[in-house]
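Q: For reference, the file query-v6.txt (compact mmCIF, C-alpha atoms and all ligand atoms) is included below:
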```txt
# COMPACT_ATOMS: atom_id res chain seq x y z
CA MET R 1 7.03 5.39 -35.61
CA VAL R 2 6.21 9.10 -35.14
CA TRP R 3 3.41 8.30 -32.70
CA ARG R 4 5.56 5.86 -30.78
CA THR R 5 8.22 8.57 -30.40
CA ILE R 6 5.66 11.14 -29.24
CA GLY R 7 4.29 8.60 -26.76
CA LEU R 8 7.74 7.96 -25.38
CA ILE R 9 8.55 11.64 -25.00
CA GLY R 10 5.16 12.20 -23.36
CA LYS R 11 5.81 9.46 -20.86
CA LEU R 12 9.10 11.01 -19.93
CA ILE R 13 7.73 14.53 -19.67
CA CYS R 14 4.43 13.84 -17.90
CA LEU R 15 2.24 16.82 -18.61
CA PRO R 16 1.37 19.09 -15.71
CA SER R 17 -2.35 19.60 -15.20
CA LEU R 18 -3.94 22.59 -16.86
CA GLU R 19 -6.13 23.23 -13.84
CA ARG R 20 -3.62 22.98 -11.02
CA ARG R 21 0.00 23.76 -11.65
CA ASN R 22 1.19 21.27 -9.09
CA SER R 23 -0.89 18.27 -10.20
CA MET R 24 1.05 15.39 -11.67
CA ILE R 25 -1.05 14.07 -14.53
CA ASP R 26 0.73 11.82 -16.99
CA LEU R 27 -0.09 11.18 -20.63
CA HIS R 28 -2.38 8.34 -19.68
CA GLY R 29 -4.47 10.78 -17.65
CA ARG R 30 -3.39 9.29 -14.33
CA ASN R 31 -3.45 11.90 -11.58
CA ILE R 32 -0.70 10.86 -9.20
CA ASN R 33 -2.09 12.18 -5.92
CA LYS R 34 -1.60 9.33 -3.45
CA LEU R 35 1.63 8.87 -1.52
CA ARG R 36 2.67 5.69 0.30
CA ILE R 37 5.43 6.24 2.79
CA SER R 38 7.60 3.41 4.02
CA LEU R 39 8.48 4.92 7.39
CA THR R 40 10.97 2.20 8.23
CA GLU R 41 12.20 -1.03 6.67
CA VAL R 42 12.10 -2.78 10.04
CA CYS R 43 9.24 -5.22 10.60
CA ASN R 44 8.19 -7.49 13.45
CA MET R 45 6.82 -10.17 11.13
CA ALA R 46 8.47 -11.97 8.23
CA CYS R 47 5.65 -13.06 5.92
CA THR R 48 6.81 -15.87 3.65
CA TYR R 49 5.66 -14.11 0.46
CA CYS R 50 7.43 -10.87 1.42
CA VAL R 51 10.88 -11.84 2.76
CA THR R 52 13.01 -14.93 3.19
CA SER R 53 13.65 -14.35 6.92
CA LEU R 54 13.16 -11.82 9.70
CA SER R 55 16.80 -10.73 9.35
CA ASP R 56 15.98 -9.39 5.85
CA HIS R 57 14.40 -6.40 7.60
CA LYS R 58 17.12 -3.91 8.43
CA ARG R 59 16.86 -0.24 9.28
CA VAL R 60 18.62 1.70 6.52
CA PRO R 61 21.54 3.74 7.90
CA ASP R 62 20.29 6.92 6.23
CA GLU R 63 16.67 6.67 7.47
CA LEU R 64 15.21 10.17 7.49
CA LYS R 65 14.51 11.96 10.74
CA THR R 66 10.87 12.71 11.49
CA GLU R 67 11.16 16.42 10.70
CA GLN R 68 12.91 15.64 7.40
CA MET R 69 10.17 13.18 6.43
CA LEU R 70 7.52 15.75 7.27
CA ARG R 71 9.28 18.40 5.17
CA LEU R 72 9.39 16.05 2.19
CA VAL R 73 5.69 15.27 2.56
CA ARG R 74 4.90 18.98 2.68
CA MET R 75 6.93 19.57 -0.49
CA LEU R 76 5.16 16.71 -2.23
CA LYS R 77 1.82 18.14 -1.17
CA ASP R 78 2.61 21.75 -2.11
CA TYR R 79 4.57 21.16 -5.31
CA ALA R 80 3.44 17.78 -6.62
CA GLY R 81 -0.27 17.59 -5.80
CA ILE R 82 -0.18 14.83 -3.19
CA GLU R 83 -3.57 14.74 -1.47
CA LYS R 84 -3.72 11.37 0.30
CA VAL R 85 -1.10 9.64 2.41
CA ARG R 86 -0.75 6.02 3.54
CA LEU R 87 1.85 5.11 6.15
CA THR R 88 3.39 1.72 5.74
CA GLY R 89 6.74 -0.02 5.83
CA GLY R 90 8.26 -2.30 7.11
CA GLU R 91 5.98 -2.05 10.07
CA PRO R 92 4.84 1.54 10.69
CA LEU R 93 4.01 0.80 14.33
CA LEU R 94 7.74 0.23 14.94
CA TYR R 95 8.44 3.80 13.87
CA PRO R 96 9.16 5.67 17.10
CA ASN R 97 7.51 8.97 16.17
CA LEU R 98 4.41 7.66 14.47
CA ILE R 99 2.00 9.95 16.33
CA THR R 100 4.15 13.01 15.47
CA ILE R 101 4.18 11.99 11.81
CA VAL R 102 0.40 11.51 11.72
CA SER R 103 -0.37 14.80 13.47
CA GLY R 104 2.24 16.64 11.37
CA ILE R 105 0.66 15.40 8.13
CA HIS R 106 -2.80 16.22 9.45
CA GLU R 107 -1.70 19.76 10.34
CA MET R 108 -0.56 20.27 6.73
CA GLY R 109 -4.18 19.93 5.70
CA ILE R 110 -3.98 16.37 4.41
CA THR R 111 -7.11 14.78 5.82
CA SER R 112 -6.92 11.40 4.14
CA ILE R 113 -4.31 9.58 6.23
CA GLY R 114 -4.25 5.79 6.27
CA MET R 115 -1.93 3.12 7.57
CA THR R 116 -1.18 -0.44 6.44
CA THR R 117 -0.03 -2.63 9.32
CA ASN R 118 0.14 -6.12 10.72
CA GLY R 119 -1.52 -4.60 13.79
CA GLN R 120 0.58 -6.52 16.31
CA LEU R 121 1.28 -3.34 18.30
CA LEU R 122 -1.87 -1.40 17.53
CA ALA R 123 -4.28 -2.13 20.36
CA ARG R 124 -2.62 0.33 22.77
CA LYS R 125 -1.96 3.03 20.16
CA ALA R 126 -5.30 3.17 18.31
CA LYS R 127 -6.82 5.92 20.44
CA ASP R 128 -3.80 8.27 20.15
CA LEU R 129 -3.52 7.63 16.44
CA ALA R 130 -7.20 8.40 15.88
CA GLU R 131 -6.84 11.62 17.87
CA ALA R 132 -3.73 12.57 15.86
CA GLY R 133 -5.74 12.39 12.61
CA LEU R 134 -5.40 8.84 11.33
CA LYS R 135 -8.55 7.93 9.42
CA ASN R 136 -8.27 4.38 8.15
CA VAL R 137 -6.27 1.25 8.79
CA ASN R 138 -5.67 -1.68 6.46
CA PHE R 139 -4.68 -4.75 8.44
CA SER R 140 -2.63 -7.49 6.84
CA LEU R 141 -4.24 -10.67 8.12
CA ASP R 142 -3.69 -13.84 6.16
CA SER R 143 -5.20 -16.44 8.47
CA LEU R 144 -7.68 -16.79 11.30
CA ASP R 145 -6.03 -19.96 12.52
CA PRO R 146 -3.34 -19.15 15.14
CA GLU R 147 -0.92 -21.79 13.85
CA ASN R 148 -1.36 -20.92 10.22
CA PHE R 149 -1.03 -17.22 11.08
CA LYS R 150 2.33 -17.99 12.69
CA ARG R 151 3.45 -20.23 9.82
CA MET R 152 2.70 -17.62 7.14
CA GLY R 153 4.04 -14.68 9.14
CA ARG R 154 6.86 -16.60 10.86
CA VAL R 155 6.54 -14.25 13.86
CA GLY R 156 3.55 -12.69 15.59
CA LYS R 157 0.36 -13.74 17.28
CA LEU R 158 -3.11 -13.81 15.76
CA HIS R 159 -4.87 -12.50 18.87
CA LYS R 160 -2.74 -9.32 18.84
CA THR R 161 -3.83 -8.41 15.31
CA LEU R 162 -7.47 -9.15 16.18
CA GLU R 163 -7.20 -6.94 19.28
CA GLY R 164 -5.75 -4.19 17.09
CA ILE R 165 -8.77 -4.43 14.78
CA ASP R 166 -11.19 -4.26 17.72
CA ALA R 167 -9.38 -1.20 19.13
CA CYS R 168 -9.53 0.63 15.80
CA LEU R 169 -13.24 -0.05 15.46
CA LYS R 170 -13.77 1.16 19.03
CA TYR R 171 -12.07 4.50 18.31
CA GLY R 172 -13.94 5.11 15.06
CA LEU R 173 -11.21 4.27 12.57
CA SER R 174 -12.29 2.81 9.27
CA VAL R 175 -10.88 -0.73 8.97
CA LYS R 176 -10.17 -3.07 6.07
CA VAL R 177 -8.41 -6.42 6.14
CA ASN R 178 -5.98 -7.48 3.41
CA MET R 179 -5.52 -11.21 2.95
CA VAL R 180 -2.83 -12.41 0.53
CA VAL R 181 -4.26 -15.67 -0.77
CA MET R 182 -1.82 -18.51 -1.43
CA LYS R 183 -2.54 -21.95 -2.83
CA GLY R 184 -2.22 -24.67 -0.21
CA GLU R 185 -1.47 -22.10 2.50
CA ASN R 186 -4.67 -20.23 3.30
CA ASP R 187 -7.01 -20.67 0.33
CA ASP R 188 -9.20 -22.88 2.51
CA GLU R 189 -9.86 -19.82 4.71
CA ILE R 190 -11.35 -17.54 2.04
CA VAL R 191 -14.96 -17.99 3.16
CA LYS R 192 -14.06 -18.06 6.86
CA MET R 193 -12.31 -14.69 6.47
CA LEU R 194 -15.34 -13.23 4.68
CA GLU R 195 -17.60 -14.39 7.52
CA TYR R 196 -15.26 -12.78 10.06
CA GLY R 197 -15.51 -9.54 8.06
CA VAL R 198 -19.31 -9.63 7.90
CA VAL R 199 -19.64 -10.28 11.64
CA HIS R 200 -17.22 -7.46 12.55
CA GLY R 201 -18.37 -4.96 9.92
CA VAL R 202 -14.95 -5.01 8.25
CA GLU R 203 -14.36 -5.20 4.50
CA ILE R 204 -12.07 -8.07 3.52
CA ARG R 205 -9.86 -7.57 0.48
CA TYR R 206 -8.29 -10.62 -1.08
CA LEU R 207 -4.91 -9.88 -2.71
CA GLU R 208 -3.67 -11.93 -5.60
CA LEU R 209 -0.09 -12.89 -4.91
CA MET R 210 2.48 -10.65 -6.63
CA GLY R 211 5.76 -11.85 -8.08
CA MET R 212 7.93 -9.55 -6.00
CA GLY R 213 11.05 -9.92 -3.87
CA PRO R 214 11.50 -13.62 -3.03
CA LEU R 215 8.68 -14.52 -5.45
CA HIS R 216 10.09 -12.57 -8.37
CA LYS R 217 9.85 -14.92 -11.37
CA ASN R 218 8.02 -17.69 -9.46
CA GLY R 219 5.04 -15.90 -7.92
CA ASP R 220 2.61 -17.88 -10.10
CA GLN R 221 3.17 -21.16 -8.33
CA LYS R 222 0.96 -20.32 -5.36
CA LEU R 223 -1.27 -17.78 -7.08
CA VAL R 224 -4.99 -18.08 -6.38
CA SER R 225 -6.83 -16.15 -9.08
CA MET R 226 -9.74 -13.75 -8.70
CA GLU R 227 -11.91 -16.33 -10.45
CA GLU R 228 -11.03 -19.03 -7.90
CA ILE R 229 -11.71 -16.66 -5.00
CA LEU R 230 -15.10 -15.72 -6.45
CA GLU R 231 -15.94 -19.36 -7.10
CA GLN R 232 -15.43 -20.28 -3.46
CA ILE R 233 -17.50 -17.38 -2.16
CA SER R 234 -20.29 -17.77 -4.74
CA ALA R 235 -20.63 -21.44 -3.84
CA LYS R 236 -21.95 -20.33 -0.46
CA TYR R 237 -23.28 -16.78 -0.87
CA ASP R 238 -25.11 -14.59 -3.35
CA VAL R 239 -22.41 -12.27 -4.76
CA GLN R 240 -23.03 -9.05 -6.71
CA LEU R 241 -20.52 -6.72 -8.30
CA VAL R 242 -20.74 -3.12 -7.05
CA SER R 243 -18.95 0.03 -8.19
CA SER R 244 -15.59 1.15 -6.76
CA GLU R 245 -13.66 4.43 -6.92
CA SER R 246 -12.10 5.00 -10.34
CA ASP R 247 -8.52 4.67 -9.07
CA SER R 248 -9.22 1.89 -6.61
CA THR R 249 -7.05 -1.21 -6.74
CA SER R 250 -9.92 -3.35 -5.60
CA ILE R 251 -12.95 -4.75 -7.43
CA ARG R 252 -15.81 -4.68 -4.91
CA TYR R 253 -18.66 -7.07 -4.34
CA TRP R 254 -21.75 -7.17 -2.18
CA VAL R 255 -22.67 -10.25 -0.17
CA PRO R 256 -25.58 -10.48 2.29
CA GLY R 257 -24.45 -8.48 5.34
CA GLY R 258 -21.45 -6.71 3.84
CA TYR R 259 -18.91 -6.13 1.11
CA PHE R 260 -15.59 -7.60 0.06
CA GLY R 261 -12.98 -6.73 -2.53
CA ILE R 262 -10.42 -8.48 -4.66
CA ILE R 263 -7.13 -6.82 -5.60
CA PRO R 264 -6.49 -8.67 -8.86
CA ASN R 265 -2.88 -7.70 -9.65
CA ASN R 266 -2.70 -10.56 -12.09
CA SER R 267 -6.23 -11.32 -13.35
CA ALA R 268 -7.36 -7.72 -13.95
CA PRO R 269 -4.38 -5.36 -13.62
CA PHE R 270 -5.16 -1.80 -12.58
CA CYS R 271 -1.97 -0.04 -13.74
CA SER R 272 -3.93 2.15 -16.14
CA THR R 273 -5.62 3.91 -13.20
CA CYS R 274 -2.71 3.82 -10.75
CA SER R 275 -2.46 7.10 -8.83
CA ARG R 276 0.28 6.06 -6.39
CA LEU R 277 3.77 7.25 -5.71
CA ARG R 278 5.99 5.65 -3.06
CA LEU R 279 8.52 7.32 -0.77
CA THR R 280 11.09 5.14 0.99
CA SER R 281 12.38 5.66 4.52
CA ASN R 282 15.57 7.25 3.17
CA GLY R 283 13.85 9.69 0.84
CA GLN R 284 13.70 7.92 -2.52
CA LEU R 285 10.70 7.96 -4.82
CA ILE R 286 9.49 4.78 -6.48
CA GLY R 287 7.00 5.31 -9.28
CA CYS R 288 6.10 1.73 -10.10
CA LEU R 289 6.26 -1.66 -8.37
CA SER R 290 7.26 -3.25 -11.67
CA ASN R 291 10.35 -1.11 -11.90
CA PRO R 292 13.12 -1.10 -9.27
CA SER R 293 14.35 2.39 -10.31
CA ARG R 294 14.53 4.84 -7.42
CA VAL R 295 14.75 8.62 -7.62
CA SER R 296 16.33 10.29 -4.62
CA VAL R 297 14.75 13.50 -3.34
CA SER R 298 16.38 13.68 0.11
CA HIS R 299 19.05 16.14 -1.13
CA LEU R 300 16.27 18.67 -1.78
CA LEU R 301 15.97 19.10 1.98
CA GLU R 302 19.14 21.21 1.74
CA GLN R 303 17.76 23.52 -0.97
CA ASN R 304 16.03 26.85 -0.36
CA ASP R 305 13.73 26.72 -3.35
CA PRO R 306 13.22 23.07 -4.29
CA GLU R 307 9.93 23.39 -6.21
CA ASP R 308 11.20 23.00 -9.78
CA ALA R 309 13.73 20.33 -8.89
CA LEU R 310 11.13 18.33 -6.97
CA GLN R 311 8.64 18.49 -9.82
CA LYS R 312 11.30 17.26 -12.28
CA LEU R 313 12.20 14.35 -10.01
CA VAL R 314 8.56 13.38 -9.42
CA LYS R 315 7.98 13.42 -13.18
CA LYS R 316 11.03 11.25 -13.70
CA SER R 317 9.81 8.81 -11.09
CA ILE R 318 6.28 8.50 -12.49
CA SER R 319 7.69 8.07 -16.00
CA TYR R 320 8.63 4.55 -14.83
CA LYS R 321 4.98 3.64 -14.36
CA GLN R 322 3.69 0.66 -16.31
CA ASP R 323 0.80 1.35 -18.66
CA VAL R 324 -0.91 -1.98 -18.61
CA THR R 325 0.13 -4.68 -16.19
CA PHE R 326 2.34 -5.50 -13.25
CA THR R 327 5.33 -7.36 -14.67
CA GLY R 328 6.99 -8.53 -11.45
CA SER R 329 10.11 -7.06 -9.91
CA SER R 330 12.95 -7.72 -7.53
CA LEU R 331 11.62 -5.02 -5.19
CA VAL R 332 10.78 -6.27 -1.72
CA MET R 333 7.44 -4.86 -0.64
CA SER R 334 8.54 -4.19 2.94
CA LYS R 335 11.40 -1.99 1.71
CA VAL R 336 9.35 0.13 -0.66
CA GLY R 337 6.09 0.49 1.21
CA GLY R 338 3.44 -2.01 0.21
N1 LIG S 1 4.02 -4.44 7.89
C1 LIG S 1 2.85 -3.87 7.32
C2 LIG S 1 1.81 -4.93 7.03
O1 LIG S 1 2.07 -6.10 7.30
O2 LIG S 1 0.74 -4.56 6.58
C3 LIG S 1 3.07 -3.01 6.08
C4 LIG S 1 4.03 -3.51 5.06
S1 LIG S 1 3.52 -4.90 4.14
C5 LIG S 1 4.89 -5.09 3.06
C6 LIG S 1 2.27 -4.20 3.12
C7 LIG S 1 1.43 -5.13 2.32
O3 LIG S 1 2.21 -5.75 1.32
C8 LIG S 1 0.77 -6.23 3.09
O4 LIG S 1 -0.63 -6.14 2.98
C9 LIG S 1 1.30 -7.48 2.46
O5 LIG S 1 0.38 -8.48 2.55
C10 LIG S 1 1.62 -7.00 1.06
N2 LIG S 1 2.56 -7.86 0.30
C11 LIG S 1 3.87 -8.06 0.54
N3 LIG S 1 4.39 -8.91 -0.37
C12 LIG S 1 3.38 -9.25 -1.21
C13 LIG S 1 3.29 -10.11 -2.35
N4 LIG S 1 4.34 -10.78 -2.81
N5 LIG S 1 2.09 -10.20 -2.96
C14 LIG S 1 1.02 -9.51 -2.51
N6 LIG S 1 1.05 -8.69 -1.44
C15 LIG S 1 2.21 -8.57 -0.79
```
What's the structure tokens form of this structure?
Ligand code: SAM

A:
Amino acid sequence: MVWRTIGLIGKLICLPSLERRNSMIDLHGRNINKLRISLTEVCNMACTYCVTSLSDHKRVPDELKTEQMLRLVRMLKDYAGIEKVRLTGGEPLLYPNLITIVSGIHEMGITSIGMTTNGQLLARKAKDLAEAGLKNVNFSLDSLDPENFKRMGRVGKLHKTLEGIDACLKYGLSVKVNMVVMKGENDDEIVKMLEYGVVHGVEIRYLELMGMGPLHKNGDQKLVSMEEILEQISAKYDVQLVSSESDSTSIRYWVPGGYFGIIPNNSAPFCSTCSRLRLTSNGQLIGCLSNPSRVSVSHLLEQNDPEDALQKLVKKSISYKQDVTFTGSSLVMSKVGG
């Protein structure tokens, strides 16, 4: 009983690091140093596992202005130990001031800047984004068949995403492809996608379907497990496990000619090493995808000395983090920054 109480208090307090005053290290030793920013809730695709229709994507009326977003990022860097940023959404390429955001974050001294995108609008922007300081791009690409691509994403064209990938490679950006694998939808394309990755020098990451948003409580029905993914690939290729970064969401494998990863939300949950914090387009922190609680920090933009208040709010937000496994939630990924 005593230990359970101490554990609970610890979770709520989240001990600051002894080495760096601004680090956010919780009782489980997780150093929360990665920030995912949902720049906008608007998206130009409507993937069936993410939303029920395109009209689900709506710009929130209180979306932060670019300079406000940059000030919040600076605060989170200076006072809460954020070291790496990933821009997402919604669709980050629909955010009007994307280049300004990237260069502003880069000028703060954050050098690890990534973006997760469907890539539909990327081909023409890749060069400017690379020059502004963007380092890596994760493309969401669920099918290499134009019709299946359209069926799963409802909107969008396969060739545009592929052109976006080519442009990023041309301008020296590091590229990964995320494929959400769904039974009966695209699980017959697992090997084809891997072969595309090997030919183009791009690491494919297979995502196990998560029970979020429209799939909350029934995500299992179309789940393709890590084991099934590995079975398909091993039937054709020699597969060897390799090491990954300690806080990586992906388990990595070598195959002749390249690497691939599996993000096994269900089969091998990685909550115990989660180092992520999410910031929504209207300035709310989300500590955990399993928990819909939001902690607003936008009001701190009005304060002269927000350090202590920000640290308290970040600690509150990360106290919602699951210890062990993703439990599903009503959160819609495109609203909270997937
Ligand atoms: N529009 C951008 C894109 O398509 O990459 C960024 C936002 S999207 C919500 C971010 C990621 O969330 C995508 O890789 C998408 O596949 C993933 N995602 C959304 N819903 C999911 C679910 N139920 N299970 C697994 N991944 C999901």

Q: Taking all atoms listed in the file into account, list the residues no farther than 8 Å from ligand LIG 1 (chain S), as a PyMOL selection string.

A: chain R and resi 38+43-45+47+49-51+88-92+116-119+138-142+178-180+207-215+219+332-338

Q: Using only C-alpha atoms, which of the listed residues (R:Val224, R:Leu162, R:Leu27, R:Cys271) sits closest to Gly184 in chain R?

A: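 Smallest distance to Gly184 in chain R is found for R:Val224.
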
Q: Distance CA of Ile233 in chain R-CA of Ile204 in chain R, one decimal place?

A: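 Spanning CA of Ile233 in chain R to CA of Ile204 in chain R is a straight-line distance of 12.2 Å.
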
Q: What does the distance from CA of Leu129 in chain R to CA of Ile99 in chain R come to in Å, to one decimal?

A: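 Between CA of Leu129 in chain R and CA of Ile99 in chain R the gap works out to 6.0 Å.
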
Q: Could you tell me how far CA of Glu83 in chain R lies from CA of Lys34 in chain R, in Å and to one decimal?

A: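 Going from CA of Glu83 in chain R over to CA of Lys34 in chain R covers 6.1 Å.
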